[in-house]
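So this one's upload-v7.txt, compact mmCIF, C-alpha atoms:
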# COMPACT_ATOMS: atom_id res chain seq x y z
CA MET A 1 -12.38 -13.74 -17.89
CA SER A 2 -15.93 -12.61 -18.45
CA ASN A 3 -16.89 -9.29 -16.92
CA THR A 4 -13.21 -8.72 -16.24
CA SER A 5 -13.74 -5.04 -15.60
CA ASP A 6 -15.95 -5.88 -12.61
CA THR A 7 -13.18 -7.80 -10.88
CA GLN A 8 -11.47 -5.84 -8.12
CA VAL A 9 -7.76 -6.73 -8.13
CA ILE A 10 -5.91 -6.28 -4.82
CA GLY A 11 -2.18 -6.75 -4.29
CA ILE A 12 -1.09 -7.51 -0.72
CA ALA A 13 2.55 -6.72 0.09
CA SER A 14 4.79 -6.29 3.11
CA GLY A 15 8.22 -4.80 3.50
CA LYS A 16 9.64 -7.94 5.11
CA GLY A 17 8.76 -11.54 5.77
CA GLY A 18 7.19 -12.77 8.98
CA VAL A 19 4.58 -10.02 9.40
CA GLY A 20 1.65 -12.29 8.55
CA LYS A 21 1.03 -11.20 4.97
CA THR A 22 -0.09 -14.62 3.73
CA THR A 23 -2.20 -15.12 6.87
CA VAL A 24 -3.92 -11.81 6.11
CA SER A 25 -4.35 -12.68 2.41
CA VAL A 26 -5.84 -16.10 3.14
CA ASN A 27 -8.18 -14.98 5.92
CA LEU A 28 -9.32 -11.93 3.96
CA ALA A 29 -10.05 -14.18 0.97
CA VAL A 30 -12.09 -16.54 3.18
CA ALA A 31 -13.96 -13.65 4.83
CA LEU A 32 -14.88 -12.20 1.42
CA GLN A 33 -15.96 -15.64 0.16
CA LEU A 34 -18.09 -16.22 3.29
CA SER A 35 -19.78 -12.86 2.72
CA GLY A 36 -20.99 -14.12 -0.66
CA LYS A 37 -18.25 -12.80 -2.94
CA ARG A 38 -16.49 -14.91 -5.57
CA VAL A 39 -12.80 -14.86 -4.77
CA MET A 40 -9.63 -15.95 -6.53
CA LEU A 41 -6.32 -15.99 -4.67
CA LEU A 42 -3.08 -15.83 -6.64
CA ASP A 43 -0.15 -16.99 -4.54
CA ALA A 44 2.53 -14.84 -6.14
CA ASP A 45 5.06 -15.64 -3.44
CA LEU A 46 6.78 -17.83 -5.98
CA GLY A 47 9.86 -18.84 -4.06
CA LEU A 48 8.07 -19.79 -0.87
CA ALA A 49 4.41 -20.33 -1.66
CA ASN A 50 2.32 -21.32 1.33
CA ALA A 51 -1.26 -20.13 0.77
CA GLN A 52 -2.24 -23.69 -0.13
CA ILE A 53 -1.00 -24.93 3.25
CA ALA A 54 -2.95 -22.23 5.09
CA LEU A 55 -6.10 -23.18 3.16
CA GLY A 56 -5.62 -26.89 3.78
CA VAL A 57 -5.61 -27.86 0.13
CA ARG A 58 -3.31 -30.11 -1.90
CA CYS A 59 -2.29 -28.71 -5.26
CA PRO A 60 -0.97 -31.25 -7.76
CA TYR A 61 0.23 -28.48 -10.07
CA ASN A 62 1.41 -24.91 -9.64
CA LEU A 63 2.65 -21.90 -11.57
CA SER A 64 5.89 -23.62 -12.52
CA HIS A 65 3.87 -26.17 -14.54
CA PHE A 66 2.07 -23.32 -16.26
CA LEU A 67 5.27 -21.43 -17.06
CA SER A 68 6.95 -24.51 -18.46
CA GLY A 69 3.96 -25.02 -20.78
CA GLU A 70 2.97 -28.34 -19.21
CA LYS A 71 -0.41 -27.04 -17.97
CA THR A 72 -2.80 -24.20 -18.73
CA LEU A 73 -3.67 -21.71 -16.01
CA GLN A 74 -7.14 -23.24 -15.78
CA GLU A 75 -5.59 -26.68 -15.17
CA ILE A 76 -3.53 -25.59 -12.17
CA ILE A 77 -6.37 -23.74 -10.38
CA VAL A 78 -7.77 -25.59 -7.37
CA THR A 79 -11.10 -24.77 -5.74
CA THR A 80 -10.66 -24.93 -1.96
CA ARG A 81 -13.29 -26.28 0.43
CA GLN A 82 -14.13 -22.64 1.24
CA GLY A 83 -14.97 -22.08 -2.43
CA ILE A 84 -11.93 -19.93 -3.18
CA LYS A 85 -10.22 -20.46 -6.52
CA LEU A 86 -6.54 -20.79 -5.67
CA VAL A 87 -3.74 -20.27 -8.17
CA PRO A 88 -0.88 -22.05 -6.36
CA GLY A 89 2.60 -20.57 -6.30
CA ALA A 90 5.65 -22.81 -6.65
CA SER A 91 7.15 -23.47 -3.27
CA GLY A 92 10.86 -23.93 -2.96
CA ILE A 93 11.64 -23.70 -6.67
CA TYR A 94 14.46 -21.21 -6.78
CA GLU A 95 14.01 -20.18 -10.42
CA MET A 96 10.44 -19.16 -9.67
CA ALA A 97 11.63 -16.42 -7.34
CA GLY A 98 13.45 -14.66 -10.18
CA LEU A 99 11.01 -14.64 -13.06
CA ASN A 100 11.76 -12.39 -16.00
CA GLU A 101 9.37 -9.82 -17.42
CA LEU A 102 8.09 -12.08 -20.20
CA GLN A 103 7.21 -14.81 -17.72
CA VAL A 104 5.39 -12.36 -15.47
CA ALA A 105 3.52 -11.06 -18.53
CA SER A 106 2.56 -14.58 -19.57
CA ILE A 107 1.09 -15.29 -16.12
CA VAL A 108 -0.95 -12.13 -16.24
CA GLN A 109 -2.08 -12.56 -19.83
CA ALA A 110 -3.43 -15.98 -18.98
CA PHE A 111 -5.67 -14.37 -16.38
CA SER A 112 -7.51 -12.34 -18.98
CA SER A 113 -8.61 -15.48 -20.78
CA LEU A 114 -10.04 -17.27 -17.73
CA GLU A 115 -13.77 -17.91 -17.89
CA ASP A 116 -14.47 -17.67 -14.17
CA GLU A 117 -16.72 -14.92 -12.84
CA ILE A 118 -14.67 -13.34 -10.06
CA ASP A 119 -15.50 -10.41 -7.75
CA TYR A 120 -12.08 -10.20 -6.10
CA LEU A 121 -8.65 -11.31 -7.25
CA ILE A 122 -6.27 -11.18 -4.28
CA VAL A 123 -2.59 -11.33 -5.16
CA ASP A 124 -0.41 -12.47 -2.25
CA MET A 125 3.05 -11.04 -3.00
CA ALA A 126 6.46 -12.19 -1.92
CA ALA A 127 7.96 -10.11 0.88
CA GLY A 128 10.26 -7.24 0.01
CA ILE A 129 10.54 -5.07 -3.08
CA SER A 130 12.06 -7.19 -5.81
CA PRO A 131 11.43 -6.02 -9.40
CA PHE A 132 8.99 -8.93 -9.66
CA VAL A 133 6.93 -7.76 -6.65
CA LEU A 134 6.88 -4.19 -7.95
CA ALA A 135 5.74 -5.33 -11.39
CA PHE A 136 2.82 -7.16 -9.78
CA MET A 137 1.98 -4.29 -7.41
CA SER A 138 1.95 -1.89 -10.36
CA ALA A 139 -0.55 -4.14 -12.09
CA CYS A 140 -2.94 -4.21 -9.12
CA PRO A 141 -5.17 -1.13 -9.01
CA THR A 142 -5.64 -1.51 -5.23
CA ARG A 143 -2.67 -2.11 -2.92
CA PHE A 144 -2.62 -3.30 0.69
CA VAL A 145 0.54 -3.20 2.82
CA VAL A 146 0.70 -5.34 5.98
CA VAL A 147 2.80 -4.02 8.86
CA ARG A 148 3.57 -5.02 12.45
CA ASP A 149 4.54 -2.69 15.26
CA ASP A 150 8.24 -3.41 15.28
CA PRO A 151 10.99 -1.12 13.98
CA SER A 152 12.21 -3.32 11.13
CA SER A 153 8.67 -4.04 9.88
CA ILE A 154 7.81 -0.32 10.00
CA ALA A 155 11.03 0.65 8.22
CA ASP A 156 10.53 -1.98 5.51
CA ALA A 157 6.84 -1.13 5.03
CA TYR A 158 7.76 2.54 4.65
CA GLY A 159 10.52 1.59 2.19
CA THR A 160 8.02 -0.40 0.13
CA ILE A 161 5.51 2.46 0.13
CA LYS A 162 8.26 4.93 -0.79
CA VAL A 163 9.34 2.92 -3.84
CA MET A 164 5.74 2.42 -4.96
CA ILE A 165 5.01 6.16 -4.72
CA GLN A 166 8.31 7.70 -5.86
CA ASP A 167 9.57 5.21 -8.45
CA PHE A 168 6.30 3.83 -9.79
CA ALA A 169 3.85 6.71 -9.14
CA LEU A 170 1.37 4.30 -7.53
CA ASP A 171 -1.49 5.38 -5.31
CA ASN A 172 -4.52 3.70 -3.72
CA ILE A 173 -2.27 2.26 -0.99
CA HIS A 174 -4.00 1.00 2.17
CA LEU A 175 -2.31 -0.06 5.42
CA ILE A 176 -3.28 -3.10 7.51
CA ALA A 177 -1.84 -3.19 11.04
CA ASN A 178 -1.35 -6.82 12.09
CA GLY A 179 -0.78 -8.46 15.47
CA MET A 180 -1.71 -5.35 17.44
CA GLY A 181 -2.66 -5.05 21.12
CA SER A 182 -5.86 -3.18 20.29
CA GLN A 183 -7.75 -1.48 17.48
CA SER A 184 -6.62 1.94 18.70
CA GLU A 185 -2.96 0.85 18.70
CA GLY A 186 -3.38 -0.22 15.08
CA ARG A 187 -4.88 3.13 14.17
CA GLN A 188 -2.02 4.92 15.96
CA LEU A 189 0.57 2.87 14.07
CA PHE A 190 -1.11 3.89 10.81
CA GLU A 191 -1.09 7.56 11.87
CA ARG A 192 2.64 7.41 12.61
CA ILE A 193 3.48 5.86 9.23
CA ASN A 194 1.10 8.14 7.36
CA GLN A 195 2.67 11.23 8.94
CA VAL A 196 6.09 10.15 7.69
CA CYS A 197 4.64 9.50 4.21
CA ALA A 198 2.95 12.91 4.14
CA ARG A 199 6.10 14.67 5.34
CA PHE A 200 8.78 12.96 3.26
CA LEU A 201 6.85 11.63 0.26
CA ASN A 202 4.26 14.40 0.07
CA HIS A 203 1.68 11.66 -0.24
CA SER A 204 -0.91 10.18 2.12
CA ILE A 205 -1.85 6.53 2.41
CA ASN A 206 -5.15 5.06 3.64
CA TYR A 207 -6.08 3.08 6.73
CA LEU A 208 -7.88 -0.19 6.04
CA GLY A 209 -8.01 -1.92 9.42
CA THR A 210 -6.33 -3.65 12.33
CA ILE A 211 -5.94 -7.33 13.15
CA GLU A 212 -5.46 -7.74 16.89
CA GLN A 213 -3.04 -10.26 18.37
CA ASP A 214 -4.96 -13.52 18.74
CA GLU A 215 -3.34 -16.89 19.47
CA LEU A 216 -6.21 -18.63 17.67
CA ILE A 217 -5.00 -17.20 14.34
CA LEU A 218 -1.73 -19.09 14.80
CA THR A 219 -3.50 -22.21 16.08
CA SER A 220 -5.82 -22.23 13.05
CA LEU A 221 -2.81 -22.05 10.71
CA LYS A 222 -1.34 -25.15 12.36
CA LYS A 223 -4.67 -26.88 11.71
CA TYR A 224 -4.54 -25.85 8.01
CA GLN A 225 -7.62 -23.67 8.41
CA SER A 226 -8.56 -20.01 8.35
CA VAL A 227 -9.39 -18.55 11.76
CA LEU A 228 -12.92 -17.86 10.43
CA GLU A 229 -13.51 -21.61 10.11
CA TYR A 230 -11.51 -22.76 13.12
CA ALA A 231 -12.74 -20.18 15.62
CA PRO A 232 -15.55 -18.09 14.10
CA GLY A 233 -16.29 -16.41 17.45
CA SER A 234 -12.69 -15.28 18.02
CA ALA A 235 -11.32 -11.73 17.95
CA GLY A 236 -9.24 -12.72 14.92
CA ALA A 237 -12.30 -13.89 12.96
CA ARG A 238 -14.14 -10.69 13.93
CA ASP A 239 -11.23 -8.55 12.70
CA PHE A 240 -11.03 -10.34 9.35
CA ARG A 241 -14.78 -9.93 8.86
CA LEU A 242 -14.33 -6.19 9.53
CA LEU A 243 -11.41 -6.13 7.10
CA ALA A 244 -13.59 -7.78 4.44
CA GLN A 245 -16.30 -5.17 5.07
CA ALA A 246 -13.74 -2.36 4.76
CA THR A 247 -12.46 -3.92 1.53
CA GLN A 248 -15.97 -4.13 0.10
CA SER A 249 -16.70 -0.52 0.98
CA LEU A 250 -13.68 0.78 -0.95
CA PRO A 251 -14.86 2.63 -4.05
CA PRO A 252 -14.49 0.23 -6.99
CA VAL A 253 -11.69 1.13 -9.35
CA ASP A 254 -13.09 2.72 -12.51
CA THR A 255 -14.11 -0.22 -14.69
CA LEU A 256 -12.59 1.35 -17.79
CA SER A 257 -9.15 0.87 -16.28
CA GLY A 258 -9.97 -1.68 -13.61
CA GLY A 259 -10.25 -5.41 -13.28
CA MET A 260 -8.34 -8.09 -15.08
CA GLN A 261 -7.71 -6.17 -18.29
CA PHE A 262 -6.04 -3.45 -16.30
CA PHE A 263 -3.99 -6.08 -14.47
CA VAL A 264 -2.82 -7.53 -17.77
CA GLU A 265 -2.18 -4.23 -19.53
CA ARG A 266 -0.28 -2.68 -16.63
CA LEU A 267 2.04 -5.66 -16.33
CA LEU A 268 2.73 -5.73 -20.03
CA LYS A 269 3.12 -1.98 -20.27
CA HIS A 270 5.49 -1.42 -17.44
CA PRO A 271 7.26 -4.55 -16.43
CA SER A 272 9.74 -4.56 -13.59
CA ARG A 273 12.30 -1.83 -13.94
CA SER A 274 15.28 -3.88 -13.02
What is this structure when it is put down as structure tokens?
Amino acid sequence: MSNTSDTQVIGIASGKGGVGKTTVSVNLAVALQLSGKRVMLLDADLGLANAQIALGVRCPYNLSHFLSGEKTLQEIIVTTRQGIKLVPGASGIYEMAGLNELQVASIVQAFSSLEDEIDYLIVDMAAGISPFVLAFMSACPTRFVVVRDDPSSIADAYGTIKVMIQDFALDNIHLIANGMGSQSEGRQLFERINQVCARFLNHSINYLGTIEQDELILTSLKKYQSVLEYAPGSAGARDFRLLAQATQSLPPVDTLSGGMQFFVERLLKHPSRS
């Protein structure tokens, strides 16, 4: 990938399923693309890939075809109507959910040889903290964790952050509060989680932004669209535009260790510690 060091690579995780991680990944990707950035979205939720559904695009091939050697990475990439380059995950293929280290490495190596000029690579993880997810999160220099204000989501998000910090020595972790009643409630949720991190992990995390509860986000998903296309004047669209602005104002990761090369090297260097 030319100018690989200029690509900002962001991994988006959540402690558990059902907190809107893919919705956040897709809408953030669209918001960045609409602001003039060149975006690639890797659907790394390999057992239950659904980014393609949310973007309203049909993908004839996916990562399983790449891993089996049938297709190159370039051949499975689909450009969506929003202009996003989507690398489709493999939905419902059980083996894909348990990739080994070599397979993960082969996916990531293929990225370094892509020719596309990309400003942001967004990696939509599977929920939870499987070795596979942690290998991918380690390879992403910037890490977003999506959380909702319910006890199990908070506990699982904290558990994910704890493993990333204590077992993998990762930093640059940013929290996104999703489905909140207000912006201030989202900020308060972050403060609560950050206090626990500071107290028990001796490590602070960062606040990225809040997505308020908005029925139109759910409606847009059912219409196979992002909320920015379906209801550009909605609170949800506003919040994703703000999230894209916050993402763009993050200091870029040092280009010597950043971008695609970093992504590749990190995955090869410290694969999942299963």
What lies within 12 Å of Val26 in chain A using only C-alpha atoms, ignoring chain neighbours under 2 positions off, as a VMD selection string? chain A and resid 12 20 to 24 28 to 33 39 to 43 50 to 56 80 82 84 to 86 121 to 125 217 220 to 221 224 to 229 237 240 244
For a quick check of understanding, using only C-alpha atoms, which of A:Val196, A:Ala231, A:Met164, A:Val145 has the smallest distance to Ser130 in chain A?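 Looking at the shortest contact to Ser130 in chain A, the residue is A:Met164.
Look at Tyr61 in chain A: the protein and nucleic acid residues within 10 Å of it, using only C-alpha atoms and passing over chain neighbours fewer than 5 places away, are Phe66, Glu70, Lys71, Leu73, Glu75, Ile76, Ile77, Val78, Val87, Pro88, Gly89 and Ala90 of chain A.
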Go through A:Ile118, A:Asn202, A:Pro131, A:Val19 and flag the residue nearest Ala177 in chain A, using all atoms listed in the file for the distances.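 Using all atoms listed in the file, Ala177 in chain A sits closest to A:Val19.
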Could the centre and edge lengths of an axis-aligned box, enclosing all atoms of range 168-176 of chain A in the file with 6 Å extra on each side, be given in Å to one decimal as JSON?
{"center_x": 0.9, "center_y": 1.8, "center_z": -1.1, "size_x": 22.8, "size_y": 21.8, "size_z": 29.3}
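Counting all atoms listed in the file, the residue from A:Gln213, A:Thr7, A:Asn206, A:Gln166 that sits nearest to Gln183 in chain A is A:Gln213.
The environment of Asp171 in chain A within 9 Å, counting only C-alpha atoms and disregarding residues fewer than 2 places along the same chain, consists of Pro141, Thr142, Arg143, Met164, Ile165, Ala169, Ile173, His203, Ser204 and Ile205 of chain A.
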Based on the selection just made, write C-alpha atoms of those residues as a PDB file, in the coordinates of the input.
ATOM      1  CA  PRO A 141      -5.170  -1.130  -9.010  1.00  0.00           C
ATOM      2  CA  THR A 142      -5.640  -1.510  -5.230  1.00  0.00           C
ATOM      3  CA  ARG A 143      -2.670  -2.110  -2.920  1.00  0.00           C
ATOM      4  CA  MET A 164       5.740   2.420  -4.960  1.00  0.00           C
ATOM      5  CA  ILE A 165       5.010   6.160  -4.720  1.00  0.00           C
ATOM      6  CA  ALA A 169       3.850   6.710  -9.140  1.00  0.00           C
ATOM      7  CA  ILE A 173      -2.270   2.260  -0.990  1.00  0.00           C
ATOM      8  CA  HIS A 203       1.680  11.660  -0.240  1.00  0.00           C
ATOM      9  CA  SER A 204      -0.910  10.180   2.120  1.00  0.00           C
ATOM     10  CA  ILE A 205      -1.850   6.530   2.410  1.00  0.00           C
TER      11      ILE A 205
END
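Note that CA of Val163 in chain A and CA of Ala139 in chain A are 14.7 Å apart.
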For CA of Lys223 in chain A and CA of Gly83 in chain A, quote the distance in Å rounded to one decimal. 18.1 Å
Selection near Ser14 in chain A, 10 Å with only C-alpha atoms, sequence-local residues under 5 positions removed, as a PDB file with C-alpha atoms, in the coordinates of the input:
ATOM      1  CA  VAL A  19       4.580 -10.020   9.400  1.00  0.00           C
ATOM      2  CA  GLY A  20       1.650 -12.290   8.550  1.00  0.00           C
ATOM      3  CA  LYS A  21       1.030 -11.200   4.970  1.00  0.00           C
ATOM      4  CA  THR A  22      -0.090 -14.620   3.730  1.00  0.00           C
ATOM      5  CA  ASP A 124      -0.410 -12.470  -2.250  1.00  0.00           C
ATOM      6  CA  MET A 125       3.050 -11.040  -3.000  1.00  0.00           C
ATOM      7  CA  ALA A 126       6.460 -12.190  -1.920  1.00  0.00           C
ATOM      8  CA  ALA A 127       7.960 -10.110   0.880  1.00  0.00           C
ATOM      9  CA  GLY A 128      10.260  -7.240   0.010  1.00  0.00           C
ATOM     10  CA  ILE A 129      10.540  -5.070  -3.080  1.00  0.00           C
ATOM     11  CA  PHE A 144      -2.620  -3.300   0.690  1.00  0.00           C
ATOM     12  CA  VAL A 145       0.540  -3.200   2.820  1.00  0.00           C
ATOM     13  CA  VAL A 146       0.700  -5.340   5.980  1.00  0.00           C
ATOM     14  CA  VAL A 147       2.800  -4.020   8.860  1.00  0.00           C
ATOM     15  CA  ARG A 148       3.570  -5.020  12.450  1.00  0.00           C
ATOM     16  CA  SER A 153       8.670  -4.040   9.880  1.00  0.00           C
ATOM     17  CA  ILE A 154       7.810  -0.320  10.000  1.00  0.00           C
ATOM     18  CA  ASP A 156      10.530  -1.980   5.510  1.00  0.00           C
ATOM     19  CA  ALA A 157       6.840  -1.130   5.030  1.00  0.00           C
ATOM     20  CA  TYR A 158       7.760   2.540   4.650  1.00  0.00           C
ATOM     21  CA  GLY A 159      10.520   1.590   2.190  1.00  0.00           C
ATOM     22  CA  THR A 160       8.020  -0.400   0.130  1.00  0.00           C
ATOM     23  CA  ILE A 161       5.510   2.460   0.130  1.00  0.00           C
ATOM     24  CA  LEU A 175      -2.310  -0.060   5.420  1.00  0.00           C
ATOM     25  CA  ILE A 176      -3.280  -3.100   7.510  1.00  0.00           C
TER      26      ILE A 176
END
Quick check, in Å to one decimal: how far apart do CA of Leu134 in chain A and CA of Glu185 in chain A lie?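 According to the coordinates, CA of Leu134 in chain A and CA of Glu185 in chain A are separated by 28.9 Å.
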Shortest contact to Ser249 in chain A, candidates A:Gln188, A:Asn27, A:Thr210, A:Gln8, atoms counted all atoms listed in the file, goes to A:Gln8
Pick from A:Leu63, A:Thr219, A:Leu189, A:Ala246, whichever lies nearest to Pro151 in chain A using all atoms listed in the file: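 Of A:Leu63, A:Thr219, A:Leu189, A:Ala246, the one nearest Pro151 in chain A is A:Leu189, counting all atoms listed in the file.
Using all atoms listed in the file for every distance, the candidate list A:Phe132, A:Asp6, A:Gln245, A:Gly179 yields A:Gly179 as the residue closest to Leu218 in chain A.
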